[in-house]
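**Q** Sending over input.txt (compact mmCIF, C-alpha atoms and all ligand atoms).
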```
# COMPACT_ATOMS: atom_id res chain seq x y z
CA MET A 1 133.75 67.02 -12.12
CA THR A 2 130.42 68.74 -12.67
CA ALA A 3 130.00 72.50 -12.83
CA ALA A 4 128.67 74.23 -9.75
CA PRO A 5 124.95 74.87 -10.11
CA VAL A 6 124.12 78.39 -11.22
CA THR A 7 122.00 80.08 -8.60
CA SER A 8 120.38 83.33 -9.63
CA PRO A 9 120.66 86.17 -7.09
CA SER A 10 116.91 86.62 -7.11
CA ARG A 11 116.39 83.06 -5.94
CA ILE A 12 118.78 83.60 -3.02
CA SER A 13 117.35 86.93 -1.97
CA ALA A 14 113.71 86.04 -2.45
CA ALA A 15 113.24 82.68 -0.91
CA ALA A 16 116.09 80.46 0.27
CA PRO A 17 113.72 78.57 2.52
CA LEU A 18 114.12 77.87 6.20
CA VAL A 19 113.74 74.23 7.21
CA PHE A 20 113.06 72.83 10.68
CA ARG A 21 113.61 69.30 11.96
CA ARG A 22 113.22 67.86 15.45
CA LEU A 23 115.87 65.13 15.41
CA GLN A 24 117.60 62.70 17.67
CA LEU A 25 120.94 64.26 18.51
CA GLY A 26 122.92 61.74 16.46
CA ASN A 27 121.03 62.65 13.28
CA LEU A 28 121.97 66.33 13.07
CA PRO A 29 123.06 67.46 9.59
CA SER A 30 126.56 68.85 9.01
CA ASP A 31 127.58 72.42 9.81
CA HIS A 32 127.40 73.22 6.09
CA THR A 33 123.62 73.41 6.21
CA LEU A 34 122.89 73.54 9.95
CA LEU A 35 122.18 77.08 11.12
CA GLY A 36 121.89 75.95 14.69
CA ALA A 37 120.16 73.67 17.13
CA ARG A 38 118.79 73.78 20.63
CA VAL A 39 119.70 70.49 22.31
CA VAL A 40 117.73 68.91 25.15
CA GLY A 41 118.73 65.75 27.01
CA SER A 42 122.33 64.88 27.75
CA GLY A 43 124.28 66.49 24.90
CA ALA A 44 127.36 68.58 25.75
CA ASP A 45 125.56 71.79 24.78
CA ALA A 46 122.16 70.80 26.15
CA ILE A 47 120.10 73.32 28.11
CA GLY A 48 120.17 72.65 31.86
CA ALA A 49 116.64 71.23 32.08
CA THR A 50 115.96 67.50 32.42
CA LEU A 51 114.13 65.80 29.57
CA LEU A 52 111.24 63.83 31.13
CA ALA A 53 110.03 62.23 27.88
CA PRO A 54 110.77 60.78 25.42
CA ALA A 55 114.07 59.03 26.15
CA GLY A 56 117.29 60.13 24.50
CA SER A 57 118.64 63.51 23.45
CA TRP A 58 116.90 65.71 20.92
CA ALA A 59 117.77 68.74 18.86
CA ASP A 60 115.50 71.38 17.40
CA ALA A 61 117.47 72.06 14.24
CA TRP A 62 117.13 75.03 11.88
CA ILE A 63 118.56 74.19 8.50
CA GLY A 64 119.44 76.60 5.71
CA ASP A 65 120.15 76.44 2.02
CA GLY A 66 123.51 77.32 0.51
CA GLN A 67 126.67 78.13 2.41
CA VAL A 68 126.23 78.53 6.16
CA GLU A 69 128.91 80.56 7.96
CA HIS A 70 129.56 80.19 11.69
CA ARG A 71 130.84 83.17 13.68
CA GLN A 72 131.20 84.64 17.15
CA HIS A 73 130.61 88.16 18.47
CA GLY A 74 130.89 89.03 22.16
CA CYS A 75 128.90 86.40 24.04
CA VAL A 76 127.04 85.29 20.89
CA ARG A 77 127.76 82.25 18.70
CA TYR A 78 125.74 82.31 15.53
CA ALA A 79 125.44 81.03 12.00
CA SER A 80 123.88 82.50 8.91
CA ASN A 81 123.44 81.81 5.23
CA GLY A 82 122.69 85.45 4.46
CA GLU A 83 118.94 84.86 4.65
CA TRP A 84 118.41 83.22 8.04
CA LEU A 85 120.40 83.63 11.22
CA HIS A 86 120.36 81.39 14.30
CA GLY A 87 122.45 81.89 17.40
CA VAL A 88 122.80 81.69 21.13
CA ALA A 89 123.99 84.33 23.61
CA GLU A 90 125.52 82.83 26.75
CA VAL A 91 126.49 84.74 29.88
CA ASP A 92 127.40 83.33 33.28
CA ASP A 93 125.33 85.67 35.45
CA ALA A 94 126.94 84.36 38.66
CA ALA A 95 130.25 85.77 37.43
CA THR A 96 128.81 89.06 36.13
CA ASP A 97 129.00 92.37 38.00
CA GLY A 98 125.41 93.51 38.40
CA GLY A 99 124.13 89.93 38.41
CA LEU A 100 121.32 88.59 36.23
CA ARG A 101 120.01 92.00 35.19
CA ALA A 102 123.41 93.02 33.81
CA ALA A 103 124.02 89.57 32.28
CA THR A 104 120.66 89.71 30.48
CA TYR A 105 121.37 93.23 29.23
CA ARG A 106 124.71 92.06 27.86
CA ALA A 107 123.26 88.97 26.16
CA TYR A 108 120.64 91.08 24.40
CA ALA A 109 122.96 94.01 23.60
CA ASP A 110 125.40 91.61 21.91
CA LEU A 111 122.71 89.77 19.99
CA PHE A 112 121.20 93.05 18.79
CA GLU A 113 124.67 94.08 17.54
CA VAL A 114 124.92 90.82 15.60
CA LEU A 115 121.50 91.44 14.06
CA ALA A 116 122.17 95.10 13.25
CA ARG A 117 125.30 94.16 11.27
CA SER A 118 123.56 91.31 9.44
CA ASP A 119 121.16 91.07 6.53
CA SER A 120 118.71 89.31 8.87
CA PRO A 121 117.85 91.90 11.53
CA HIS A 122 114.30 90.76 12.33
CA LEU A 123 113.76 88.37 15.24
CA LEU A 124 111.31 85.55 14.57
CA ARG A 125 111.61 83.81 17.94
CA LEU A 126 113.62 83.88 21.19
CA TRP A 127 114.09 81.07 23.72
CA ASN A 128 115.34 82.22 27.16
CA TYR A 129 116.77 79.83 29.80
CA VAL A 130 117.53 81.29 33.22
CA THR A 131 118.93 79.35 36.19
CA ASP A 132 116.69 79.47 39.31
CA ILE A 133 114.21 81.83 37.67
CA ASN A 134 111.93 82.08 40.75
CA ARG A 135 114.67 82.60 43.35
CA GLU A 136 114.84 85.95 45.18
CA THR A 137 118.23 87.66 45.25
CA ASP A 138 118.96 91.24 46.32
CA GLY A 139 115.29 91.70 47.19
CA SER A 140 113.80 90.76 43.84
CA GLU A 141 112.85 87.62 41.97
CA ARG A 142 115.37 86.65 39.31
CA TYR A 143 112.69 86.66 36.60
CA ARG A 144 112.09 90.34 37.42
CA GLN A 145 115.82 91.07 37.15
CA PHE A 146 115.82 89.28 33.79
CA ASN A 147 112.84 91.37 32.62
CA ALA A 148 114.56 94.61 33.62
CA GLY A 149 117.75 93.81 31.70
CA ARG A 150 115.81 92.56 28.68
CA GLN A 151 113.55 95.61 28.43
CA GLN A 152 116.50 98.00 28.85
CA ALA A 153 118.39 96.30 26.00
CA PHE A 154 115.36 96.45 23.68
CA LEU A 155 114.82 100.15 24.40
CA GLU A 156 118.50 101.10 24.03
CA ALA A 157 118.69 99.24 20.71
CA GLU A 158 115.55 101.16 19.64
CA ARG A 159 113.59 97.96 19.22
CA SER A 160 110.00 98.01 20.40
CA ALA A 161 109.65 96.47 23.85
CA PHE A 162 105.86 96.56 23.51
CA GLU A 163 103.64 96.05 20.43
CA GLY A 164 105.52 93.97 17.88
CA SER A 165 107.93 92.35 20.35
CA PRO A 166 109.21 88.95 19.23
CA ALA A 167 107.61 85.66 20.21
CA ALA A 168 109.52 84.13 23.13
CA CYS A 169 109.59 81.83 26.10
CA ALA A 170 111.45 82.13 29.42
CA LEU A 171 112.06 79.03 31.54
CA GLY A 172 113.95 78.22 34.68
CA THR A 173 116.76 75.67 34.61
CA ARG A 174 118.74 73.96 37.37
CA SER A 175 122.19 74.91 36.16
CA GLY A 176 124.18 76.59 33.45
CA PRO A 177 124.67 80.13 32.22
CA LEU A 178 121.91 82.41 31.01
CA ARG A 179 121.17 81.16 27.49
CA VAL A 180 119.22 83.12 24.90
CA TYR A 181 118.65 81.30 21.61
CA PHE A 182 117.39 83.33 18.69
CA LEU A 183 116.21 82.93 15.12
CA ALA A 184 116.11 85.90 12.75
CA GLY A 185 115.34 86.68 9.13
CA ARG A 186 115.21 89.45 6.54
CA ARG A 187 111.56 90.35 6.95
CA ALA A 188 109.68 91.26 10.10
CA PRO A 189 107.08 88.69 11.16
CA LEU A 190 103.53 89.62 12.06
CA ALA A 191 103.05 89.73 15.84
CA ILE A 192 99.85 88.13 17.14
CA GLU A 193 98.23 88.75 20.53
CA ASN A 194 95.63 86.65 22.36
CA PRO A 195 92.41 88.58 23.09
CA ARG A 196 91.79 86.34 26.15
CA GLN A 197 95.03 87.60 27.71
CA VAL A 198 96.40 91.01 28.58
CA SER A 199 99.51 91.49 26.45
CA ALA A 200 102.49 90.54 28.58
CA TYR A 201 104.21 93.85 27.77
CA ARG A 202 101.12 95.53 29.35
CA TYR A 203 101.03 93.41 32.52
CA PRO A 204 100.35 95.52 35.65
CA THR A 205 103.44 96.36 37.74
CA ALA A 206 102.24 93.92 40.44
CA TYR A 207 104.06 91.28 38.32
CA GLY A 208 107.26 93.34 38.25
CA PRO A 209 108.37 96.91 37.61
CA ARG A 210 109.48 96.08 34.06
CA ALA A 211 107.05 94.08 31.94
CA PRO A 212 108.07 90.98 30.01
CA THR A 213 109.02 91.72 26.40
CA PHE A 214 107.29 89.26 24.13
CA SER A 215 104.29 88.81 21.85
CA ARG A 216 102.00 85.79 22.18
CA ALA A 217 102.85 84.52 18.69
CA ALA A 218 104.46 85.51 15.41
CA LEU A 219 103.66 84.59 11.82
CA ALA A 220 106.59 84.64 9.39
CA ASP A 221 107.14 84.08 5.68
CA ILE A 222 109.87 81.43 5.52
CA GLY A 223 110.26 81.23 1.76
CA ALA A 224 109.17 78.72 -0.88
CA GLY A 225 105.57 79.80 -0.34
CA ARG A 226 105.47 78.66 3.27
CA GLN A 227 104.63 80.44 6.51
CA ALA A 228 105.75 79.57 10.02
CA LEU A 229 103.76 80.16 13.18
CA PHE A 230 105.79 80.59 16.37
CA ILE A 231 103.64 80.30 19.50
CA SER A 232 105.36 81.73 22.57
CA GLY A 233 105.45 79.97 25.91
CA THR A 234 101.76 79.71 26.80
CA ALA A 235 100.41 79.15 30.30
CA SER A 236 97.23 79.08 32.33
CA ILE A 237 96.73 82.85 32.33
CA VAL A 238 93.45 84.60 31.49
CA GLY A 239 93.47 88.39 31.53
CA HIS A 240 96.63 88.77 33.56
CA GLU A 241 95.70 86.28 36.26
CA THR A 242 97.00 82.78 36.90
CA MET A 243 94.08 80.32 36.65
CA HIS A 244 93.55 76.92 38.33
CA LEU A 245 96.15 77.28 41.08
CA GLY A 246 97.38 73.84 42.14
CA ASP A 247 95.43 71.98 39.41
CA VAL A 248 97.91 70.87 36.76
CA ARG A 249 95.30 69.17 34.55
CA ARG A 250 93.16 72.28 34.27
CA GLN A 251 96.28 74.43 33.78
CA THR A 252 97.23 72.18 30.87
CA GLN A 253 93.74 72.55 29.37
CA GLU A 254 93.81 76.34 29.80
CA SER A 255 97.22 76.57 28.14
CA LEU A 256 95.91 74.54 25.20
CA ASN A 257 92.81 76.78 25.06
CA ASN A 258 95.11 79.80 24.73
CA ILE A 259 97.12 78.05 22.03
CA GLY A 260 93.84 77.25 20.25
CA VAL A 261 92.92 80.95 20.11
CA LEU A 262 96.35 81.82 18.69
CA ARG A 263 96.09 79.02 16.09
CA GLU A 264 92.72 80.34 14.98
CA ILE A 265 93.86 83.96 14.58
CA ALA A 266 97.06 82.87 12.82
CA SER A 267 95.12 80.60 10.46
CA GLN A 268 92.88 83.51 9.44
CA ARG A 269 95.91 85.73 8.82
CA ALA A 270 97.77 83.01 6.90
CA GLY A 271 94.76 81.85 4.91
CA ALA A 272 95.59 78.25 5.87
CA GLY A 273 94.92 76.09 8.89
CA PHE A 274 97.47 75.59 11.66
CA ASP A 275 95.86 72.42 12.99
CA ALA A 276 96.58 71.31 16.56
CA ASP A 277 97.88 67.90 15.46
CA GLN A 278 100.34 69.45 12.98
CA LEU A 279 102.36 71.52 15.44
CA ILE A 280 105.65 70.70 17.13
CA TYR A 281 105.25 71.12 20.90
CA THR A 282 107.57 71.58 23.84
CA VAL A 283 105.91 71.11 27.23
CA TYR A 284 107.60 72.45 30.38
CA VAL A 285 106.50 70.80 33.64
CA ARG A 286 107.41 72.35 37.00
CA ARG A 287 107.02 69.17 39.14
CA SER A 288 108.36 66.05 37.49
CA ASP A 289 105.65 63.95 39.22
CA ASP A 290 103.04 65.80 37.12
CA ILE A 291 104.34 64.37 33.84
CA ASP A 292 101.62 61.70 33.52
CA ALA A 293 98.80 64.13 34.30
CA VAL A 294 100.14 66.72 31.86
CA ARG A 295 100.79 64.17 29.14
CA GLY A 296 97.36 62.63 29.68
CA GLU A 297 95.60 65.97 29.22
CA PHE A 298 97.78 66.93 26.27
CA GLU A 299 97.07 63.66 24.46
CA ARG A 300 93.34 63.83 25.29
CA VAL A 301 93.14 67.25 23.58
CA VAL A 302 95.71 66.98 20.77
CA GLY A 303 95.54 63.22 20.16
CA ALA A 304 97.66 60.34 21.42
CA THR A 305 98.81 58.60 18.27
CA ASN A 306 99.59 61.43 15.85
CA ARG A 307 102.92 62.98 15.00
CA ALA A 308 102.36 65.88 17.41
CA ALA A 309 102.06 63.43 20.31
CA ARG A 310 105.04 61.34 19.16
CA GLU A 311 107.29 64.38 18.68
CA ALA A 312 106.29 66.39 21.76
CA LEU A 313 109.12 66.96 24.23
CA TYR A 314 108.41 67.13 27.98
CA LEU A 315 111.00 69.02 30.01
CA HIS A 316 111.38 69.56 33.75
CA ALA A 317 111.67 73.34 34.20
CA ASP A 318 110.52 76.19 36.39
CA ILE A 319 107.88 78.50 34.96
CA CYS A 320 108.29 82.22 35.47
CA ARG A 321 105.31 82.66 37.81
CA ALA A 322 105.43 80.60 40.98
CA GLY A 323 101.77 79.48 40.61
CA LEU A 324 102.22 78.13 37.09
CA LEU A 325 102.76 74.36 36.90
CA VAL A 326 102.98 73.97 33.14
CA GLU A 327 103.84 75.99 30.05
CA ILE A 328 103.50 74.88 26.44
CA GLU A 329 105.13 76.31 23.32
CA ALA A 330 104.66 75.23 19.73
CA HIS A 331 105.48 76.04 16.18
CA GLY A 332 104.21 74.85 12.83
CA PHE A 333 104.19 75.45 9.11
CA VAL A 334 101.68 75.89 6.29
CA PRO A 335 101.33 74.31 3.82
CA PHE A 336 101.82 71.33 6.12
CA GLU A 337 104.36 68.78 4.96
CA ASP A 338 105.15 65.54 6.73
CA PRO A 339 108.96 65.36 6.81
CA THR A 340 109.47 61.59 6.82
C1 LIG B 401 103.07 84.43 30.66
O1 LIG B 401 102.22 84.27 29.79
C2 LIG B 401 103.83 83.20 31.07
O2 LIG B 401 109.14 86.40 29.71
O3 LIG B 401 109.62 85.82 27.66
C3 LIG B 401 105.63 83.05 28.65
C4 LIG B 401 106.36 83.30 27.49
C5 LIG B 401 106.00 83.66 29.84
C6 LIG B 401 107.44 84.17 27.51
C7 LIG B 401 108.94 85.73 28.69
C8 LIG B 401 107.09 84.54 29.83
C9 LIG B 401 107.81 84.78 28.68
O4 LIG B 401 103.30 85.51 31.20
C10 LIG B 401 105.27 83.39 31.11
```
With the file now loaded, output its structure as structure tokens.
**A**
Amino acid sequence: MTAAPVTSPSRISAAAPLVFRRLQLGNLPSDHTLLGARVVGSGADAIGATLLAPAGSWADAWIGDGQVEHRQHGCVRYASNGEWLHGVAEVDDAATDGGLRAATYRAYADLFEVLARSDSPHLLRLWNYVTDINRETDGSERYRQFNAGRQQAFLEAERSAFEGSPAACALGTRSGPLRVYFLAGRRAPLAIENPRQVSAYRYPTAYGPRAPTFSRAALADIGAGRQALFISGTASIVGHETMHLGDVRRQTQESLNNIGVLREIASQRAGAGFDADQLIYTVYVRRSDDIDAVRGEFERVVGATNRAAREALYLHADICRAGLLVEIEAHGFVPFEDPT
């Protein structure tokens, strides 16, 4: 039997790196190193949005170093290795008094409690999935109810709901509970806004009495000399207005234009290039018949034969403004490393 490797405390506290892999569901690593995964396709835990392409079931896996511990608190299941923390808050809003607003508040209040008691209190990224996000109930759209509960939870936890909000996305699913996935670390990331767009947390009240709580992107140190760029859900919005109503090709182009601006600003801040063909993309398509048009535009801009095109996931989901037909999110790492 060999002695356990000696790991100096400074190595653990300074830079146990965070690793990401987009994997077929069957290839997930064991719970000893897996912090968590967001599954799309037909897995038991998969989000309630149909995967349009590619075939199969996929997992966006966040992998840690050292011993990963899995725990539960309130509606949150999470795992941490002391450096990085990944989890999901799940609340069945249909069974919650106060509906989606109250369910969202509870999801966020519980996840903020988890973070406050951890060594990894800083959110790097949030992924929100809301059933029937555009449906009106009790006189308001469900996305607006979600925004109200989210903003209230941020303010009560004394987390900024404006400048410096985490990067996020919010999509509409067909079924399932409210699901909020989150990734957190020890150090606050740098929030990045898009000068072509009004910050979402400053949207006029015409889009809802409580503004959405998210930044356009976030740049984070993930250890081992690497930085991660998290680009929030990005749509065909310029200023605060929806562009190219009804034209899914031009909406796809505009979304990629917005991502291009964020890549450029992040590359300046990081001192290294976040190239378009080195990002991992998730593309949400409102009408499944639009998949070929969206994919065609995406591959025309980003490339058709590179890893970005091969790894991109296309999901059928509702976007949080009725006029939006497509939304694209992405993340990437510098220095770039091809994980083959
Ligand atoms: C937008 O830019 C499109 O409410 O967390 C994108 C990303 C959108 C995140 C959220 C909403 C959210 O306003 C919608």
**Q** Out of A:Ile192, A:Ala109, A:Ala46, A:Ala16, which residue has the shortest atom-to-atom distance to Gln151 in chain A when counting only C-alpha atoms?
**A**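 Of A:Ile192, A:Ala109, A:Ala46, A:Ala16, the one nearest Gln151 in chain A is A:Ala109, counting only C-alpha atoms.
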**Q** In terms of the shortest atom-to-atom distance over all atoms listed in the file, which of A:His70, A:Arg159, A:Arg263, A:Arg249 is closest to Glu193 in chain A?
**A**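 Nearest to Glu193 in chain A: A:Arg263.
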**Q** What does the distance from CA of Asp45 in chain A to CA of Leu111 in chain A come to in Å, to one decimal?
**A**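 Going from CA of Asp45 in chain A over to CA of Leu111 in chain A, I get 18.8 Å.
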**Q** Determine the nearest neighbour of Thr234 in chain A from the options A:Pro177, A:Gly82, A:Gly260, A:Gly74, counting all atoms listed in the file.
**A**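 Closest to Thr234 in chain A, using all atoms listed in the file: A:Gly260.
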**Q** Hey, which residues come within 10 Å of ligand LIG 401 (chain B) if we count all atoms listed in the file? Could you give them as JSON, numbers by chain?
**A** {"A": [126, 127, 128, 129, 143, 144, 146, 147, 150, 165, 166, 167, 168, 169, 170, 171, 197, 198, 199, 200, 201, 203, 207, 211, 212, 213, 214, 215, 216, 217, 231, 232, 233, 234, 235, 236, 237, 238, 239, 240, 241, 242, 255, 258, 319, 320, 321, 324, 326, 327, 328, 329]}
**Q** Which residue is closest to Leu18 in chain A? Choose from A:Trp84, A:Trp58, A:Phe112, A:Tyr284 and count only C-alpha atoms.
**A**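 Using only C-alpha atoms, Leu18 in chain A sits closest to A:Trp84.
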